[in-house]
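S.K.: Got a structure for you, final_16.cif, holding mmCIF, C-alpha atoms.
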data_target
#
loop_
_atom_site.label_atom_id
_atom_site.label_comp_id
_atom_site.auth_asym_id
_atom_site.auth_seq_id
_atom_site.Cartn_x
_atom_site.Cartn_y
_atom_site.Cartn_z
CA MET Z 288 9.68 7.63 10.75
CA GLY Z 289 7.27 4.95 9.66
CA MET Z 290 4.05 5.25 7.76
CA ILE Z 291 2.03 4.35 10.86
CA PRO Z 292 2.40 6.51 13.98
CA GLU Z 293 3.91 4.58 16.90
CA ARG Z 294 0.82 4.97 19.06
CA ASP Z 295 -1.37 3.53 16.29
CA SER Z 296 1.11 0.71 15.69
CA GLN Z 297 0.89 -0.34 19.31
CA ALA Z 298 -2.91 -0.24 19.26
CA ILE Z 299 -3.05 -2.30 16.07
CA ARG Z 300 -0.53 -4.79 17.45
CA GLU Z 301 -2.72 -5.32 20.49
CA HIS Z 302 -5.87 -5.49 18.35
CA PHE Z 303 -4.34 -8.19 16.17
CA SER Z 304 -3.06 -10.11 19.18
CA GLU Z 305 -6.43 -10.08 20.90
CA ASN Z 306 -8.63 -10.78 17.87
CA MET Z 307 -6.79 -12.81 15.23
CA THR Z 308 -7.08 -16.57 15.34
CA GLY Z 309 -5.58 -17.72 12.04
CA ASP Z 310 -2.89 -16.71 9.60
CA VAL Z 311 -3.63 -14.23 6.86
CA GLU Z 312 -1.48 -13.47 3.84
CA ILE Z 313 -1.42 -10.17 1.99
CA VAL Z 314 -0.56 -10.94 -1.63
CA MET Z 315 0.55 -7.67 -3.17
CA PHE Z 316 1.24 -6.79 -6.78
CA THR Z 317 3.38 -3.79 -7.54
CA GLU Z 318 5.86 -2.45 -10.01
CA ARG Z 319 9.41 -1.34 -9.43
CA PRO Z 320 10.21 2.32 -9.99
CA SER Z 321 11.59 2.67 -13.48
CA LEU Z 322 14.73 4.65 -14.19
CA ILE Z 323 13.62 5.02 -17.77
CA ILE Z 324 10.79 7.35 -18.72
CA VAL Z 325 8.66 5.69 -21.35
CA PRO Z 326 6.39 8.14 -23.22
CA GLY Z 327 2.75 7.27 -22.72
CA ARG Z 328 3.41 4.93 -19.84
CA GLU Z 329 2.22 6.07 -16.42
CA THR Z 330 4.38 5.34 -13.43
CA CYS Z 331 2.86 3.95 -10.26
CA GLU Z 332 2.99 6.84 -7.82
CA THR Z 333 1.68 4.96 -4.80
CA CYS Z 334 3.28 1.53 -5.22
CA GLU Z 335 6.26 2.19 -2.98
CA ASP Z 336 4.24 3.81 -0.20
CA THR Z 337 1.67 1.03 -0.36
CA ARG Z 338 4.39 -1.59 -0.08
CA LYS Z 339 5.94 0.22 2.90
CA LEU Z 340 2.56 0.49 4.60
CA LEU Z 341 1.83 -3.20 4.10
CA GLU Z 342 5.29 -4.12 5.37
CA GLU Z 343 4.66 -2.15 8.53
CA VAL Z 344 1.24 -3.72 9.04
CA SER Z 345 2.57 -7.22 8.47
CA GLY Z 346 5.23 -6.51 11.08
CA LEU Z 347 2.57 -5.99 13.73
CA SER Z 348 1.57 -9.65 13.98
CA GLU Z 349 3.20 -13.00 13.36
CA LYS Z 350 -0.13 -14.05 11.86
CA VAL Z 351 0.13 -11.52 9.03
CA LYS Z 352 2.41 -12.45 6.15
CA LEU Z 353 3.19 -10.20 3.19
CA THR Z 354 4.13 -11.54 -0.23
CA VAL Z 355 5.08 -8.99 -2.89
CA HIS Z 356 5.08 -9.73 -6.61
CA GLU Z 357 6.18 -7.61 -9.52
CA LEU Z 358 3.12 -7.52 -11.75
CA ALA Z 359 5.18 -7.82 -14.92
CA ALA Z 360 6.82 -10.99 -13.61
CA ALA Z 361 3.70 -12.58 -12.15
CA ARG Z 362 1.01 -11.95 -14.76
CA GLU Z 363 -0.43 -15.44 -14.52
CA GLN Z 364 -0.80 -15.41 -10.75
CA ALA Z 365 -2.19 -11.88 -10.90
CA GLY Z 366 -4.66 -12.94 -13.54
CA ASP Z 367 -5.81 -15.86 -11.40
CA LEU Z 368 -6.57 -13.37 -8.62
CA GLY Z 369 -8.21 -10.84 -10.93
CA ILE Z 370 -5.42 -8.28 -10.58
CA ASP Z 371 -4.61 -6.24 -13.67
CA ARG Z 372 -3.28 -3.01 -12.20
CA VAL Z 373 -1.06 -1.78 -9.39
CA PRO Z 374 -0.85 -1.24 -6.54
CA ALA Z 375 -3.27 -4.00 -5.62
CA PHE Z 376 -3.46 -6.75 -3.07
CA VAL Z 377 -5.59 -9.66 -1.99
CA LEU Z 378 -6.19 -10.98 1.53
CA LYS Z 379 -5.76 -14.74 1.73
CA GLY Z 380 -6.66 -16.56 4.90
CA ALA Z 381 -9.96 -17.89 6.09
CA ALA Z 382 -11.97 -15.62 3.79
CA LYS Z 383 -14.33 -17.71 1.69
CA GLY Z 384 -14.60 -15.21 -1.17
CA SER Z 385 -12.18 -12.76 -2.71
CA VAL Z 386 -11.11 -9.68 -0.71
CA ARG Z 387 -9.19 -7.27 -2.93
CA PHE Z 388 -7.82 -3.75 -2.67
CA PHE Z 389 -6.83 -1.53 -5.58
CA GLY Z 390 -4.78 1.43 -4.40
CA MET Z 391 -3.35 2.42 -1.07
CA PRO Z 392 -5.63 1.94 1.94
CA SER Z 393 -5.20 5.29 3.64
CA GLY Z 394 -7.49 7.58 5.60
CA TYR Z 395 -10.74 5.93 6.60
CA GLU Z 396 -9.91 2.92 4.46
CA PHE Z 397 -6.90 2.14 6.61
CA SER Z 398 -9.02 1.27 9.63
CA ALA Z 399 -11.36 -0.71 7.38
CA PHE Z 400 -8.32 -2.59 6.05
CA ILE Z 401 -7.22 -3.44 9.60
CA GLY Z 402 -10.70 -4.78 10.29
CA ASP Z 403 -10.62 -6.77 7.06
CA LEU Z 404 -7.36 -8.41 8.08
CA VAL Z 405 -8.92 -9.58 11.34
CA ASP Z 406 -12.01 -10.84 9.52
CA ALA Z 407 -9.90 -12.67 6.93
CA SER Z 408 -7.89 -14.21 9.73
CA ASN Z 409 -10.97 -15.47 11.51
CA GLY Z 410 -13.16 -16.29 8.52
CA GLU Z 411 -16.08 -14.57 10.14
CA THR Z 412 -17.46 -11.06 10.57
CA ASP Z 413 -19.95 -9.15 12.63
CA LEU Z 414 -22.53 -9.12 9.85
CA SER Z 415 -26.05 -9.78 11.07
CA ASP Z 416 -27.64 -13.21 11.08
CA ASP Z 417 -30.05 -12.01 8.38
CA THR Z 418 -27.18 -10.98 6.10
CA ARG Z 419 -25.32 -14.23 6.69
CA ALA Z 420 -28.50 -16.16 5.96
CA PHE Z 421 -28.87 -14.27 2.67
CA LEU Z 422 -25.25 -14.96 1.75
CA GLY Z 423 -25.84 -18.62 2.50
CA THR Z 424 -28.54 -18.73 -0.17
CA LEU Z 425 -26.29 -17.38 -2.94
CA THR Z 426 -25.91 -19.69 -5.88
CA GLU Z 427 -24.36 -17.24 -8.31
CA ASP Z 428 -21.35 -14.99 -8.07
CA LEU Z 429 -21.55 -11.41 -6.90
CA HIS Z 430 -18.95 -8.77 -7.73
CA ILE Z 431 -19.08 -5.67 -5.58
CA LYS Z 432 -16.89 -2.66 -6.32
CA VAL Z 433 -16.54 0.04 -3.69
CA PHE Z 434 -15.00 3.31 -4.82
CA THR Z 435 -13.39 5.41 -2.10
CA THR Z 436 -11.08 8.39 -1.72
CA PRO Z 437 -8.23 8.87 0.78
CA SER Z 438 -10.00 11.37 3.08
CA MET C 124 -19.37 -4.27 4.30
CA ALA C 125 -18.54 -5.61 0.83
CA HIS C 126 -15.34 -7.15 2.12
CA GLN C 127 -17.19 -8.67 5.04
CA MET C 128 -19.56 -10.31 2.59
CA ALA C 129 -16.57 -11.68 0.71
CA VAL C 130 -15.16 -13.10 3.92
CA GLU C 131 -18.46 -14.85 4.58
CA SER C 132 -19.29 -16.17 1.09
CA GLU C 133 -17.31 -17.94 -1.59
CA HIS C 134 -19.64 -16.39 -4.14
CA VAL C 135 -18.59 -12.82 -3.36
CA THR C 136 -15.70 -10.89 -4.86
CA ALA C 137 -15.32 -7.46 -3.28
CA ASP C 138 -12.98 -4.75 -4.51
CA VAL C 139 -12.17 -1.55 -2.67
CA ILE C 140 -10.88 0.83 -5.31
CA GLU C 141 -9.12 4.09 -4.51
CA ALA C 142 -10.79 6.32 -7.09
CA THR C 143 -8.12 9.02 -7.33
CA GLU C 144 -5.44 6.44 -8.09
CA PHE C 145 -7.49 4.88 -10.88
CA PRO C 146 -9.21 7.75 -12.67
CA ASP C 147 -10.02 5.55 -15.66
CA LEU C 148 -12.19 3.32 -13.46
CA ALA C 149 -13.68 6.35 -11.70
CA ARG C 150 -14.69 7.74 -15.09
CA ARG C 151 -16.01 4.43 -16.37
CA TYR C 152 -18.23 4.02 -13.32
CA ARG C 153 -19.10 7.73 -13.11
CA VAL C 154 -17.83 8.19 -9.58
CA ARG C 155 -18.87 11.63 -8.34
CA GLY C 156 -19.32 10.84 -4.67
CA VAL C 157 -17.94 8.22 -2.32
CA PRO C 158 -18.33 5.60 -1.20
CA LYS C 159 -19.88 4.53 -4.49
CA ILE C 160 -20.89 0.89 -4.64
CA VAL C 161 -21.43 -0.97 -7.89
CA VAL C 162 -22.87 -4.49 -7.78
CA ASN C 163 -22.45 -6.79 -10.77
CA ASP C 164 -22.08 -3.69 -12.96
CA SER C 165 -25.87 -3.37 -12.81
CA ILE C 166 -26.91 -1.79 -9.52
CA GLU C 167 -25.18 1.17 -7.95
CA PHE C 168 -25.63 3.48 -5.01
CA VAL C 169 -23.69 6.17 -3.17
CA GLY C 170 -23.22 6.62 0.55
CA ALA C 171 -22.79 4.58 3.67
CA LEU C 172 -26.04 2.72 4.18
CA PRO C 173 -27.31 0.71 7.14
CA GLU C 174 -26.64 -3.00 6.65
CA PRO C 175 -30.24 -4.02 5.77
CA ASP C 176 -30.46 -1.32 3.07
CA TYR C 177 -27.05 -2.23 1.70
CA VAL C 178 -28.03 -5.89 1.47
CA ALA C 179 -31.32 -4.96 -0.20
CA TYR C 180 -29.39 -3.25 -3.00
CA VAL C 181 -27.19 -6.31 -3.38
CA GLN C 182 -30.27 -8.51 -3.54
CA SER C 183 -31.78 -6.28 -6.21
CA ALA C 184 -28.64 -6.77 -8.31
CA ILE C 185 -29.28 -10.51 -8.22
CA LYS C 186 -32.89 -9.98 -9.11
CA SER C 187 -32.00 -7.73 -12.04
CA SER C 188 -29.73 -10.46 -13.38
CA GLY C 189 -32.71 -12.81 -13.50
CA ASN C 190 -32.07 -15.08 -10.53
CA GLY C 191 -32.64 -15.05 -6.82
CA SER C 192 -35.10 -12.80 -5.09
CA GLY C 193 -34.92 -9.35 -3.60
CA PRO C 194 -37.55 -7.23 -1.93
CA LYS C 195 -39.46 -5.30 -4.57
CA GLU C 196 -39.74 -2.22 -2.42
CA GLN C 197 -35.96 -1.93 -2.36
CA GLU C 198 -35.54 -1.46 -6.08
CA PRO C 199 -33.00 1.38 -6.38
#
Represent the structure of the file as structure tokens.

M.R.:
Amino acid sequence: MGMIPERDSQAIREHFSENMTGDVEIVMFTERPSLIIVPGRETCETCEDTRKLLEEVSGLSEKVKLTVHELAAAREQAGDLGIDRVPAFVLKGAAKGSVRFFGMPSGYEFSAFIGDLVDASNGETDLSDDTRAFLGTLTEDLHIKVFTTPS
Amino acid sequence: MAHQMAVESEHVTADVIEATEFPDLARRYRVRGVPKIVVNDSIEFVGALPEPDYVAYVQSAIKSSGNGSGPKEQEP
């Protein structure tokens, strides 16, 4: 049994097929389950499930590629992408800015993640003309954090 | 909407953070309701807002940092 119900998988596959124009890469950072318990060090409880979920999503379209890095072995690349904790991933494609997730995209966030993949594939969104005009005037960097919960 | 802005602009970095997985961040940013949005660590709001209101908050973050312009009536 996969993480995504079969009916949803089929719907997402069709959604990707009908709406994606370019390739998009999910660059994930994770950590391997440790067999050794280190006092004071927290284990990543959602890393494995997040990886499985992303593997299933990437299997729903040839345009979606998943690359998985161990954070401990890829500190420099993670640092370049602003990743300092796991699980986390970045969507690379036609997105002009940086689209990052920290934690597993479940519940409502899962559908938002699917939409983000399509947007990152196409390099465009359904934001209004007014919003796009505002974004076009930006001359300094903006960092927006959105805190969510699974439900 | 934050991620959509990041798709559209090279100047935008947008993070979706699962608060229960990162309680240290949730504490640091005093997350008591979701979605909680924090812009440039200076402007914050809670709840799903219509796009114009959301953008107004973002604009006010730019204004509070001393550059750009945002509508005065939208000061959070």

S.K.: Hey, what's within 10 Å of Glu174 (chain C) if we count all atoms listed in the file and toss same-chain stuff fewer than 2 positions away? As a PyMOL selection string, please?

M.R.: (chain Z and resi 414-415+417-418) or (chain C and resi 124+171-172+176-179)

S.K.: Quick one: apply the PyMOL selection byres ((chain Z) within 6 of (chain C)) to the file and drop the selected residues here as a tab-separated table (two decimals) with C-alpha atoms, in the coordinates of the input.

M.R.:
chain	number	residue	atom	x	y	z
Z	382	ALA	CA	-11.97	-15.62	3.79
Z	383	LYS	CA	-14.33	-17.71	1.69
Z	384	GLY	CA	-14.60	-15.21	-1.17
Z	385	SER	CA	-12.18	-12.76	-2.71
Z	386	VAL	CA	-11.11	-9.68	-0.71
Z	387	ARG	CA	-9.19	-7.27	-2.93
Z	388	PHE	CA	-7.82	-3.75	-2.67
Z	389	PHE	CA	-6.83	-1.53	-5.58
Z	390	GLY	CA	-4.78	1.43	-4.40
Z	410	GLY	CA	-13.16	-16.29	8.52
Z	428	ASP	CA	-21.35	-14.99	-8.07
Z	429	LEU	CA	-21.55	-11.41	-6.90
Z	430	HIS	CA	-18.95	-8.77	-7.73
Z	431	ILE	CA	-19.08	-5.67	-5.58
Z	432	LYS	CA	-16.89	-2.66	-6.32
Z	433	VAL	CA	-16.54	0.04	-3.69
Z	434	PHE	CA	-15.00	3.31	-4.82
Z	435	THR	CA	-13.39	5.41	-2.10
Z	436	THR	CA	-11.08	8.39	-1.72

S.K.: Tell me, as JSON, numbers by chain, which residues lie within 12 Å of Leu347 (chain Z), counting all atoms listed in the file; anything in the same chain fewer than 2 positions away does not count.

M.R.: {"Z": [291, 293, 295, 296, 297, 298, 299, 300, 301, 302, 303, 304, 307, 340, 341, 342, 343, 344, 345, 349, 350, 351, 352, 353, 401, 404]}

S.K.: Quick one, how far is CA of Pro437 (chain Z) from CA of Met391 (chain Z)?

M.R.: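 For CA of Pro437 (chain Z) relative to CA of Met391 (chain Z), the distance reads 8.3 Å.
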
S.K.: Would you write out, as a PyMOL selection string, every residue that the PyMOL selection byres ((chain Z and resi 407) around 7) captures in this file?

M.R.: (chain Z and resi 311+378-382+403-406+408-410) or (chain C and resi 130)

S.K.: Kindly give the distance, in Å, that separates CA of Val355 (chain Z) and CA of Val314 (chain Z), rounded to a single decimal.

M.R.: 6.1 Å

S.K.: Apply the PyMOL selection byres ((chain Z and resi 362-369) around 10) to the file shown and report the selected residues as a ChimeraX atom specification.

M.R.: /Z:314-316,356-361,370-372,375-377,385-387 /C:136

S.K.: Enter the distance from CA of Pro146 (chain C) to CA of Leu322 (chain Z), in Å, rounded to one decimal.

M.R.: 24.2 Å

S.K.: Saving region 295-408 of chain Z with C-alpha atoms, as a compact mmCIF listing (two decimals), in the first residue's frame, what would that file be?

M.R.:
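That gives us result_1.txt:
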# COMPACT_ATOMS: atom_id res chain seq x y z
CA ASP Z 295 -5.64 10.09 -6.00
CA SER Z 296 -2.55 8.84 -7.82
CA GLN Z 297 -4.50 8.49 -11.03
CA ALA Z 298 -6.00 11.97 -10.65
CA ILE Z 299 -2.60 13.52 -9.98
CA ARG Z 300 -1.05 11.65 -12.91
CA GLU Z 301 -3.70 13.09 -15.21
CA HIS Z 302 -3.34 16.55 -13.66
CA PHE Z 303 0.41 16.52 -14.26
CA SER Z 304 -0.01 15.21 -17.79
CA GLU Z 305 -2.52 17.89 -18.71
CA ASN Z 306 -0.86 20.85 -17.00
CA MET Z 307 2.92 20.44 -16.82
CA THR Z 308 5.02 21.86 -19.62
CA GLY Z 309 8.59 21.63 -18.31
CA ASP Z 310 10.70 19.44 -16.10
CA VAL Z 311 10.80 20.01 -12.37
CA GLU Z 312 13.27 18.53 -9.91
CA ILE Z 313 12.56 17.89 -6.25
CA VAL Z 314 15.86 18.22 -4.41
CA MET Z 315 15.38 16.54 -1.05
CA PHE Z 316 17.61 16.51 2.00
CA THR Z 317 17.14 13.79 4.55
CA GLU Z 318 19.00 11.69 7.05
CA ARG Z 319 19.30 7.94 7.21
CA PRO Z 320 17.77 6.20 10.21
CA SER Z 321 20.52 5.67 12.74
CA LEU Z 322 21.03 2.33 14.46
CA ILE Z 323 22.84 4.11 17.24
CA ILE Z 324 20.98 6.20 19.78
CA VAL Z 325 22.98 9.31 20.51
CA PRO Z 326 21.90 11.09 23.72
CA GLY Z 327 20.67 14.58 23.00
CA ARG Z 328 20.35 14.01 19.29
CA GLU Z 329 16.83 13.92 17.87
CA THR Z 330 16.04 11.44 15.16
CA CYS Z 331 14.11 12.50 12.09
CA GLU Z 332 10.72 10.89 12.53
CA THR Z 333 9.26 11.95 9.19
CA CYS Z 334 12.26 11.66 6.87
CA GLU Z 335 11.46 8.17 5.62
CA ASP Z 336 7.77 8.85 5.05
CA THR Z 337 8.58 12.11 3.30
CA ARG Z 338 11.04 10.37 1.01
CA LYS Z 339 8.48 7.65 0.20
CA LEU Z 340 5.82 10.26 -0.52
CA LEU Z 341 8.13 12.22 -2.83
CA GLU Z 342 9.16 9.01 -4.60
CA GLU Z 343 5.52 8.21 -5.27
CA VAL Z 344 4.80 11.73 -6.53
CA SER Z 345 7.84 11.73 -8.79
CA GLY Z 346 6.64 8.43 -10.23
CA LEU Z 347 3.45 10.07 -11.47
CA SER Z 348 5.12 12.08 -14.24
CA GLU Z 349 8.22 11.78 -16.37
CA LYS Z 350 8.60 15.53 -15.89
CA VAL Z 351 9.12 15.18 -12.13
CA LYS Z 352 12.56 14.07 -11.01
CA LEU Z 353 13.55 13.37 -7.41
CA THR Z 354 17.09 13.75 -6.12
CA VAL Z 355 17.75 12.73 -2.52
CA HIS Z 356 20.77 13.86 -0.52
CA GLU Z 357 21.92 12.90 2.93
CA LEU Z 358 22.21 16.22 4.72
CA ALA Z 359 25.40 15.18 6.51
CA ALA Z 360 27.06 14.35 3.20
CA ALA Z 361 25.80 17.36 1.26
CA ARG Z 362 26.17 20.26 3.68
CA GLU Z 363 27.58 22.62 1.07
CA GLN Z 364 24.80 22.04 -1.44
CA ALA Z 365 22.21 22.24 1.33
CA GLY Z 366 23.72 25.49 2.52
CA ASP Z 367 23.56 26.94 -0.98
CA LEU Z 368 19.84 26.18 -1.01
CA GLY Z 369 19.26 27.46 2.53
CA ILE Z 370 18.55 24.01 3.95
CA ASP Z 371 19.76 23.38 7.50
CA ARG Z 372 17.29 20.79 8.76
CA VAL Z 373 15.46 17.68 7.59
CA PRO Z 374 13.25 16.63 6.03
CA ALA Z 375 13.35 19.49 3.56
CA PHE Z 376 13.19 19.91 -0.18
CA VAL Z 377 13.38 22.52 -2.89
CA LEU Z 378 11.52 22.63 -6.20
CA LYS Z 379 13.83 23.37 -9.11
CA GLY Z 380 12.40 23.99 -12.53
CA ALA Z 381 11.09 27.16 -14.08
CA ALA Z 382 10.52 28.85 -10.73
CA LYS Z 383 12.33 32.17 -10.65
CA GLY Z 384 12.68 32.33 -6.87
CA SER Z 385 13.20 29.71 -4.20
CA VAL Z 386 10.36 27.29 -3.39
CA ARG Z 387 11.17 25.31 -0.25
CA PHE Z 388 9.38 22.88 2.05
CA PHE Z 389 10.43 21.98 5.58
CA GLY Z 390 8.62 18.90 6.79
CA MET Z 391 6.27 16.46 5.15
CA PRO Z 392 3.59 17.98 2.90
CA SER Z 393 0.54 16.13 4.16
CA GLY Z 394 -3.10 17.03 4.66
CA TYR Z 395 -4.05 20.29 3.00
CA GLU Z 396 -0.42 20.99 2.20
CA PHE Z 397 -0.25 17.95 -0.04
CA SER Z 398 -2.64 19.44 -2.58
CA ALA Z 399 -0.79 22.75 -2.33
CA PHE Z 400 2.45 20.87 -3.01
CA ILE Z 401 0.95 19.26 -6.12
CA GLY Z 402 -0.07 22.72 -7.33
CA ASP Z 403 3.40 24.05 -6.59
CA LEU Z 404 4.96 21.31 -8.70
CA VAL Z 405 2.82 22.32 -11.66
CA ASP Z 406 3.63 26.00 -11.13
CA ALA Z 407 7.36 25.26 -10.85
CA SER Z 408 7.14 23.22 -14.02
